[in-house]
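Q: Below is the file work_9.cif, which contains mmCIF, C-alpha atoms.
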data_data
#
loop_
_atom_site.group_PDB
_atom_site.id
_atom_site.type_symbol
_atom_site.label_atom_id
_atom_site.label_comp_id
_atom_site.auth_asym_id
_atom_site.auth_seq_id
_atom_site.Cartn_x
_atom_site.Cartn_y
_atom_site.Cartn_z
ATOM 1 C CA MET A 1 96.424 57.801 48.169
ATOM 2 C CA ALA A 2 94.784 55.388 50.595
ATOM 3 C CA LEU A 3 96.059 57.395 53.556
ATOM 4 C CA ALA A 4 94.850 60.649 52.014
ATOM 5 C CA LEU A 5 91.371 59.185 51.567
ATOM 6 C CA LEU A 6 91.321 57.814 55.080
ATOM 7 C CA ALA A 7 92.308 61.020 56.866
ATOM 8 C CA PRO A 8 89.070 62.984 56.313
ATOM 9 C CA SER A 9 87.031 60.007 57.516
ATOM 10 C CA VAL A 10 88.984 59.833 60.772
ATOM 11 C CA SER A 11 88.650 63.575 61.265
ATOM 12 C CA ALA A 12 84.921 63.412 60.639
ATOM 13 C CA GLN A 13 84.560 60.613 63.172
ATOM 14 C CA THR A 14 86.537 62.608 65.743
ATOM 15 C CA ALA A 15 84.401 65.687 65.164
ATOM 16 C CA ALA A 16 81.217 63.647 65.518
ATOM 17 C CA ALA A 17 82.459 62.124 68.755
ATOM 18 C CA LYS A 18 83.278 65.565 70.146
ATOM 19 C CA ALA A 19 79.861 66.866 69.133
ATOM 20 C CA THR A 20 78.175 63.948 70.880
ATOM 21 C CA ALA A 21 80.252 64.457 74.017
ATOM 22 C CA THR A 22 79.340 68.124 74.233
ATOM 23 C CA GLU A 23 75.655 67.720 73.361
ATOM 24 C CA PRO A 24 73.445 68.889 76.265
ATOM 25 C CA GLN A 25 71.804 66.086 78.182
ATOM 26 C CA ARG A 26 68.094 66.000 78.860
ATOM 27 C CA THR A 27 67.265 65.655 82.530
ATOM 28 C CA ILE A 28 64.877 63.512 84.541
ATOM 29 C CA LEU A 29 64.206 65.177 87.898
ATOM 30 C CA VAL A 30 62.978 62.929 90.711
ATOM 31 C CA MET A 31 61.185 64.686 93.567
ATOM 32 C CA GLY A 32 60.588 62.067 96.238
ATOM 33 C CA ASP A 33 60.849 61.040 99.864
ATOM 34 C CA SER A 34 62.824 58.298 101.625
ATOM 35 C CA LEU A 35 61.492 55.651 99.228
ATOM 36 C CA SER A 36 63.375 57.407 96.437
ATOM 37 C CA ALA A 37 66.288 58.585 98.601
ATOM 38 C CA ALA A 38 67.402 54.995 99.358
ATOM 39 C CA TYR A 39 66.773 55.286 103.092
ATOM 40 C CA GLY A 40 68.931 52.853 105.077
ATOM 41 C CA LEU A 41 70.980 51.930 102.012
ATOM 42 C CA SER A 42 73.865 53.393 100.085
ATOM 43 C CA ALA A 43 72.639 55.851 97.463
ATOM 44 C CA SER A 44 73.857 53.577 94.661
ATOM 45 C CA GLN A 45 71.528 50.777 95.809
ATOM 46 C CA GLY A 46 68.279 52.712 95.475
ATOM 47 C CA TRP A 47 65.844 52.327 92.590
ATOM 48 C CA VAL A 48 66.584 55.860 91.351
ATOM 49 C CA ALA A 49 70.321 55.185 91.077
ATOM 50 C CA LEU A 50 69.616 51.839 89.424
ATOM 51 C CA THR A 51 67.371 53.631 86.949
ATOM 52 C CA ALA A 52 70.133 56.163 86.283
ATOM 53 C CA ASP A 53 72.529 53.289 85.568
ATOM 54 C CA ARG A 54 70.086 51.784 83.083
ATOM 55 C CA ILE A 55 69.555 55.136 81.382
ATOM 56 C CA ALA A 56 73.306 55.692 81.076
ATOM 57 C CA ARG A 57 73.541 52.385 79.205
ATOM 58 C CA THR A 58 70.400 52.504 77.097
ATOM 59 C CA ARG A 59 69.358 56.149 76.676
ATOM 60 C CA PRO A 60 72.383 58.271 75.701
ATOM 61 C CA GLY A 61 71.654 61.950 76.061
ATOM 62 C CA TRP A 62 69.644 61.537 79.278
ATOM 63 C CA ARG A 63 70.637 61.923 82.926
ATOM 64 C CA VAL A 64 68.849 61.571 86.279
ATOM 65 C CA VAL A 65 68.902 64.155 89.071
ATOM 66 C CA ASN A 66 67.617 62.745 92.352
ATOM 67 C CA ALA A 67 66.280 65.591 94.510
ATOM 68 C CA SER A 68 64.554 63.238 96.959
ATOM 69 C CA ILE A 69 64.797 63.843 100.714
ATOM 70 C CA SER A 70 63.979 61.382 103.482
ATOM 71 C CA GLY A 71 61.009 62.572 105.512
ATOM 72 C CA GLU A 72 59.825 64.933 102.780
ATOM 73 C CA THR A 73 56.138 65.855 102.667
ATOM 74 C CA THR A 74 54.243 67.344 99.748
ATOM 75 C CA ALA A 75 54.561 70.735 101.468
ATOM 76 C CA GLY A 76 58.333 70.355 101.413
ATOM 77 C CA GLY A 77 58.253 69.299 97.802
ATOM 78 C CA VAL A 78 56.130 72.215 96.678
ATOM 79 C CA SER A 79 58.418 74.621 98.535
ATOM 80 C CA ARG A 80 61.477 73.286 96.668
ATOM 81 C CA ILE A 81 60.285 72.445 93.189
ATOM 82 C CA ALA A 82 60.527 75.884 91.587
ATOM 83 C CA ALA A 83 64.209 76.108 92.510
ATOM 84 C CA GLU A 84 64.855 72.562 91.284
ATOM 85 C CA LEU A 85 63.124 73.270 87.970
ATOM 86 C CA LYS A 86 65.250 76.378 87.515
ATOM 87 C CA ARG A 87 68.436 74.544 88.493
ATOM 88 C CA THR A 88 68.009 71.412 86.387
ATOM 89 C CA HIS A 89 65.678 72.403 83.499
ATOM 90 C CA PRO A 90 64.196 68.891 83.353
ATOM 91 C CA ALA A 91 62.447 67.356 80.368
ATOM 92 C CA VAL A 92 60.726 64.866 82.690
ATOM 93 C CA VAL A 93 59.695 65.273 86.328
ATOM 94 C CA VAL A 94 58.910 62.230 88.459
ATOM 95 C CA ILE A 95 56.891 63.084 91.586
ATOM 96 C CA GLU A 96 56.934 60.458 94.342
ATOM 97 C CA LEU A 97 55.562 62.245 97.380
ATOM 98 C CA GLY A 98 52.631 61.934 99.764
ATOM 99 C CA ALA A 99 53.500 58.925 101.893
ATOM 100 C CA ASN A 100 54.688 61.070 104.802
ATOM 101 C CA ASP A 101 51.554 63.193 104.563
ATOM 102 C CA GLY A 102 49.498 60.042 104.931
ATOM 103 C CA LEU A 103 51.503 58.599 107.798
ATOM 104 C CA ARG A 104 51.041 61.875 109.661
ATOM 105 C CA GLY A 105 47.333 61.980 108.883
ATOM 106 C CA LEU A 106 47.596 65.357 107.163
ATOM 107 C CA PRO A 107 44.455 66.710 105.468
ATOM 108 C CA LEU A 108 43.805 65.082 102.101
ATOM 109 C CA ALA A 109 42.875 68.388 100.496
ATOM 110 C CA GLN A 110 46.212 69.875 101.538
ATOM 111 C CA THR A 111 48.155 66.958 100.085
ATOM 112 C CA ARG A 112 46.197 67.130 96.860
ATOM 113 C CA ALA A 113 46.716 70.879 96.478
ATOM 114 C CA ASN A 114 50.461 70.514 97.006
ATOM 115 C CA LEU A 115 50.768 67.703 94.476
ATOM 116 C CA GLU A 116 48.706 69.589 91.922
ATOM 117 C CA ARG A 117 50.870 72.661 92.374
ATOM 118 C CA MET A 118 53.983 70.573 91.722
ATOM 119 C CA VAL A 119 52.444 69.025 88.626
ATOM 120 C CA LYS A 120 51.350 72.355 87.189
ATOM 121 C CA LEU A 121 54.685 74.060 87.864
ATOM 122 C CA SER A 122 56.485 71.185 86.175
ATOM 123 C CA GLN A 123 54.202 71.263 83.154
ATOM 124 C CA ALA A 124 54.485 75.048 82.917
ATOM 125 C CA SER A 125 58.261 74.646 82.691
ATOM 126 C CA GLY A 126 57.787 72.416 79.657
ATOM 127 C CA ALA A 127 58.428 69.095 81.390
ATOM 128 C CA LYS A 128 56.465 65.885 81.061
ATOM 129 C CA VAL A 129 55.244 64.624 84.431
ATOM 130 C CA MET A 130 55.055 61.147 85.924
ATOM 131 C CA LEU A 131 53.053 60.902 89.142
ATOM 132 C CA ILE A 132 53.742 57.922 91.406
ATOM 133 C CA GLY A 133 50.988 56.948 93.804
ATOM 134 C CA MET A 134 51.119 55.453 97.273
ATOM 135 C CA ARG A 135 48.705 53.589 99.537
ATOM 136 C CA MET A 136 48.140 53.837 103.277
ATOM 137 C CA PRO A 137 47.616 51.029 105.822
ATOM 138 C CA PRO A 138 43.988 50.318 106.774
ATOM 139 C CA ASN A 139 44.425 51.461 110.393
ATOM 140 C CA LEU A 140 44.013 55.059 109.204
ATOM 141 C CA GLY A 141 40.390 54.367 108.374
ATOM 142 C CA ARG A 142 38.603 53.490 105.153
ATOM 143 C CA ASP A 143 37.593 57.029 104.207
ATOM 144 C CA TYR A 144 41.112 58.359 104.617
ATOM 145 C CA THR A 145 42.889 55.501 102.858
ATOM 146 C CA GLN A 146 40.509 55.497 99.917
ATOM 147 C CA GLY A 147 40.608 59.277 99.634
ATOM 148 C CA PHE A 148 44.393 59.222 99.812
ATOM 149 C CA GLU A 149 44.677 56.733 96.973
ATOM 150 C CA ARG A 150 42.042 58.556 94.937
ATOM 151 C CA ASN A 151 44.008 61.821 95.163
ATOM 152 C CA PHE A 152 46.724 60.428 92.930
ATOM 153 C CA SER A 153 44.510 58.851 90.285
ATOM 154 C CA GLU A 154 42.275 61.901 89.987
ATOM 155 C CA LEU A 155 45.198 64.304 89.781
ATOM 156 C CA ALA A 156 46.870 62.212 87.097
ATOM 157 C CA LYS A 157 43.659 62.096 85.070
ATOM 158 C CA SER A 158 42.768 65.776 85.393
ATOM 159 C CA ASN A 159 46.316 66.920 84.585
ATOM 160 C CA ARG A 160 46.968 64.246 81.946
ATOM 161 C CA THR A 161 50.166 62.974 83.500
ATOM 162 C CA THR A 162 51.746 59.566 83.245
ATOM 163 C CA PHE A 163 50.594 57.624 86.303
ATOM 164 C CA LEU A 164 51.993 54.711 88.300
ATOM 165 C CA PRO A 165 49.317 53.848 90.897
ATOM 166 C CA PHE A 166 51.501 52.229 93.585
ATOM 167 C CA LEU A 167 55.289 52.342 93.807
ATOM 168 C CA LEU A 168 55.585 49.324 96.097
ATOM 169 C CA GLU A 169 53.169 47.080 94.188
ATOM 170 C CA PRO A 170 55.687 44.386 93.159
ATOM 171 C CA ILE A 171 57.084 43.970 96.691
ATOM 172 C CA ALA A 172 54.333 45.021 99.112
ATOM 173 C CA LEU A 173 53.043 41.577 100.082
ATOM 174 C CA ASP A 174 56.375 40.071 101.155
ATOM 175 C CA ARG A 175 57.742 41.198 104.537
ATOM 176 C CA ALA A 176 61.213 40.024 103.494
ATOM 177 C CA ASN A 177 61.356 42.926 101.034
ATOM 178 C CA PHE A 178 61.413 45.493 103.843
ATOM 179 C CA GLN A 179 63.846 46.730 106.458
ATOM 180 C CA ALA A 180 63.171 46.324 110.175
ATOM 181 C CA ASP A 181 60.846 49.349 110.185
ATOM 182 C CA ASN A 182 58.527 47.527 107.750
ATOM 183 C CA LEU A 183 58.362 50.721 105.674
ATOM 184 C CA HIS A 184 61.519 50.976 103.605
ATOM 185 C CA PRO A 185 62.557 48.382 101.019
ATOM 186 C CA VAL A 186 65.806 46.444 101.351
ATOM 187 C CA ALA A 187 68.523 46.571 98.705
ATOM 188 C CA SER A 188 67.464 43.318 97.058
ATOM 189 C CA ALA A 189 63.978 44.742 96.406
ATOM 190 C CA GLN A 190 65.223 47.882 94.655
ATOM 191 C CA PRO A 191 65.696 46.301 91.203
ATOM 192 C CA LYS A 192 62.030 45.270 91.289
ATOM 193 C CA LEU A 193 61.046 48.879 91.974
ATOM 194 C CA ARG A 194 63.330 50.073 89.172
ATOM 195 C CA ASP A 195 61.703 47.679 86.712
ATOM 196 C CA HIS A 196 58.212 48.610 87.925
ATOM 197 C CA VAL A 197 58.851 52.332 87.419
ATOM 198 C CA TRP A 198 60.643 51.778 84.149
ATOM 199 C CA LYS A 199 57.534 50.470 82.383
ATOM 200 C CA SER A 200 55.894 53.883 82.784
ATOM 201 C CA LEU A 201 59.017 56.046 82.587
ATOM 202 C CA ALA A 202 60.629 54.643 79.451
ATOM 203 C CA PRO A 203 57.942 55.910 77.024
ATOM 204 C CA LEU A 204 58.557 59.467 78.256
ATOM 205 C CA LEU A 205 62.158 59.260 77.054
ATOM 206 C CA GLU A 206 61.302 58.556 73.426
#
Since I need it in another form, could you write the structure as structure tokens?

A:
Amino acid sequence: MALALLAPSVSAQTAAAKATATEPQRTILVMGDSLSAAYGLSASQGWVALTADRIARTRPGWRVVNASISGETTAGGVSRIAAELKRTHPAVVVIELGANDGLRGLPLAQTRANLERMVKLSQASGAKVMLIGMRMPPNLGRDYTQGFERNFSELAKSNRTTFLPFLLEPIALDRANFQADNLHPVASAQPKLRDHVWKSLAPLLE
């Protein structure tokens, strides 16, 4: 009798496990540049991969797709995002682009238009959006650097996206956190970036 009572329970547990295993995962799509593509490091060392590891442990049912490309500009991102949205059907899109526009001194209005297009396409697909800002060195001139930074905050406000003002904030003031080019973070700094991003990203996964 005990075995007969136990059998349905085991079967039910097996069925539940199979259902969980086959349940579609919700996707976080990261559209970024070298800062998100783990430039100079193995892919597993970057903050995006570290975030994916954390999500695998703490947020079952979610996955991360990293569509970041080293050297990417906002023009490159806007040219690719429609295909990425169609391919991955994300529930959340993280946009970390603009640094290469700034380093090349590209027009602020062009950068802003590209970012806004990416935000609106993502929202139109049904995804929540997280916009990650960047800052430029002062040698580009006060008007440019302030306008560059303002692009991100104004876009986030007008489009009601989640906003992280500066990706590198927790590591920016310590030269030891960067590779020889003084632009790309070393492996030991990546967990700090992961934790910094996580504070804004985690609420979008609820």

Q: What would the selection look like, as a list of chain:residue names, if the PyMOL selection byres ((chain A and resi 83) around 12) were run on the coordinates I just shared?

A: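 Listing what the PyMOL selection byres ((chain A and resi 83) around 12) selects in the shown file: A:Leu29, A:Met31, A:Ala67, A:Gly77, A:Val78, A:Ser79, A:Arg80, A:Ile81, A:Ala82, A:Glu84, A:Leu85, A:Lys86, A:Arg87, A:Thr88, A:His89, A:Pro90, A:Met118, A:Leu121, A:Ser122, A:Ser125.
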
Q: Please, could you write that set of residues out with C-alpha atoms as a PDB file, in the frame of the given file?

A:
ATOM      1  CA  LEU A  29      64.206  65.177  87.898  1.00  0.00           C
ATOM      2  CA  MET A  31      61.185  64.686  93.567  1.00  0.00           C
ATOM      3  CA  ALA A  67      66.280  65.591  94.510  1.00  0.00           C
ATOM      4  CA  GLY A  77      58.253  69.299  97.802  1.00  0.00           C
ATOM      5  CA  VAL A  78      56.130  72.215  96.678  1.00  0.00           C
ATOM      6  CA  SER A  79      58.418  74.621  98.535  1.00  0.00           C
ATOM      7  CA  ARG A  80      61.477  73.286  96.668  1.00  0.00           C
ATOM      8  CA  ILE A  81      60.285  72.445  93.189  1.00  0.00           C
ATOM      9  CA  ALA A  82      60.527  75.884  91.587  1.00  0.00           C
ATOM     10  CA  GLU A  84      64.855  72.562  91.284  1.00  0.00           C
ATOM     11  CA  LEU A  85      63.124  73.270  87.970  1.00  0.00           C
ATOM     12  CA  LYS A  86      65.250  76.378  87.515  1.00  0.00           C
ATOM     13  CA  ARG A  87      68.436  74.544  88.493  1.00  0.00           C
ATOM     14  CA  THR A  88      68.009  71.412  86.387  1.00  0.00           C
ATOM     15  CA  HIS A  89      65.678  72.403  83.499  1.00  0.00           C
ATOM     16  CA  PRO A  90      64.196  68.891  83.353  1.00  0.00           C
ATOM     17  CA  MET A 118      53.983  70.573  91.722  1.00  0.00           C
ATOM     18  CA  LEU A 121      54.685  74.060  87.864  1.00  0.00           C
ATOM     19  CA  SER A 122      56.485  71.185  86.175  1.00  0.00           C
ATOM     20  CA  SER A 125      58.261  74.646  82.691  1.00  0.00           C
TER      21      SER A 125
END

Q: Taking (44.1, 65.5, 93.3) in the file's coordinates, which residues come within 8 Å, counting all atoms listed in the file, written as a ChimeraX atom specification?

A: /A:109,112-113,115-116,150-156

Q: Just the selected residues (C-alpha atoms), exported as an mmCIF file, in the coordinates of the input, please.

A:
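Saved to result_34.cif:
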data_model
loop_
_atom_site.group_PDB
_atom_site.id
_atom_site.type_symbol
_atom_site.label_atom_id
_atom_site.label_comp_id
_atom_site.auth_asym_id
_atom_site.auth_seq_id
_atom_site.Cartn_x
_atom_site.Cartn_y
_atom_site.Cartn_z
ATOM 1 C CA ALA A 109 42.875 68.388 100.496
ATOM 2 C CA ARG A 112 46.197 67.130 96.860
ATOM 3 C CA ALA A 113 46.716 70.879 96.478
ATOM 4 C CA LEU A 115 50.768 67.703 94.476
ATOM 5 C CA GLU A 116 48.706 69.589 91.922
ATOM 6 C CA ARG A 150 42.042 58.556 94.937
ATOM 7 C CA ASN A 151 44.008 61.821 95.163
ATOM 8 C CA PHE A 152 46.724 60.428 92.930
ATOM 9 C CA SER A 153 44.510 58.851 90.285
ATOM 10 C CA GLU A 154 42.275 61.901 89.987
ATOM 11 C CA LEU A 155 45.198 64.304 89.781
ATOM 12 C CA ALA A 156 46.870 62.212 87.097
#

Q: For this file, the PyMOL selection byres ((chain A and resi 135) around 9) selects which residues, as a VMD selection string?

A: chain A and resid 99 102 133 to 134 136 to 137 145 to 146 148 to 149 165 to 168

Q: What does the structure give for the distance between CA of Thr27 (chain A) and CA of Val94 (chain A), in Å to one decimal?

A: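 Between CA of Thr27 (chain A) and CA of Val94 (chain A) the gap is 10.8 Å.
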
Q: Interatomic distance between CA of Val30 (chain A) and CA of Leu173 (chain A)?

A: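 Distance between the two atoms: 25.3 Å.
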
Q: Give me, please, the distance in Å between CA of Leu131 (chain A) and CA of Pro24 (chain A), quoted to one decimal.

A: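 Calculated distance between CA of Leu131 (chain A) and CA of Pro24 (chain A) is 25.4 Å.
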
Q: Please list as a list of chain:residue names every residue within 6 Å of Ser68 (chain A), counting all atoms listed in the file and excluding residues in the same chain fewer than 6 positions away.

A: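 The residues satisfying every condition are A:Met31, A:Gly32, A:Asp33, A:Ser36, A:Ala37.
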
Q: Please determine, counting only C-alpha atoms, which residue among A:Val119, A:Ile69, A:Ala52, A:Leu35 has the shortest atom-to-atom distance to Leu193 (chain A).

A: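 Residue with the minimum atom-to-atom distance to Leu193 (chain A): A:Leu35.
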
Q: List as a VMD selection string the protein and nucleic acid residues near region 45-47 of chain A, meaning an atom at most 8 Å away when all atoms listed in the file are counted, but skip any in the same chain fewer than 3 places from it.

A: chain A and resid 36 to 38 41 to 42 50 to 51 187 190 to 191 193 to 194
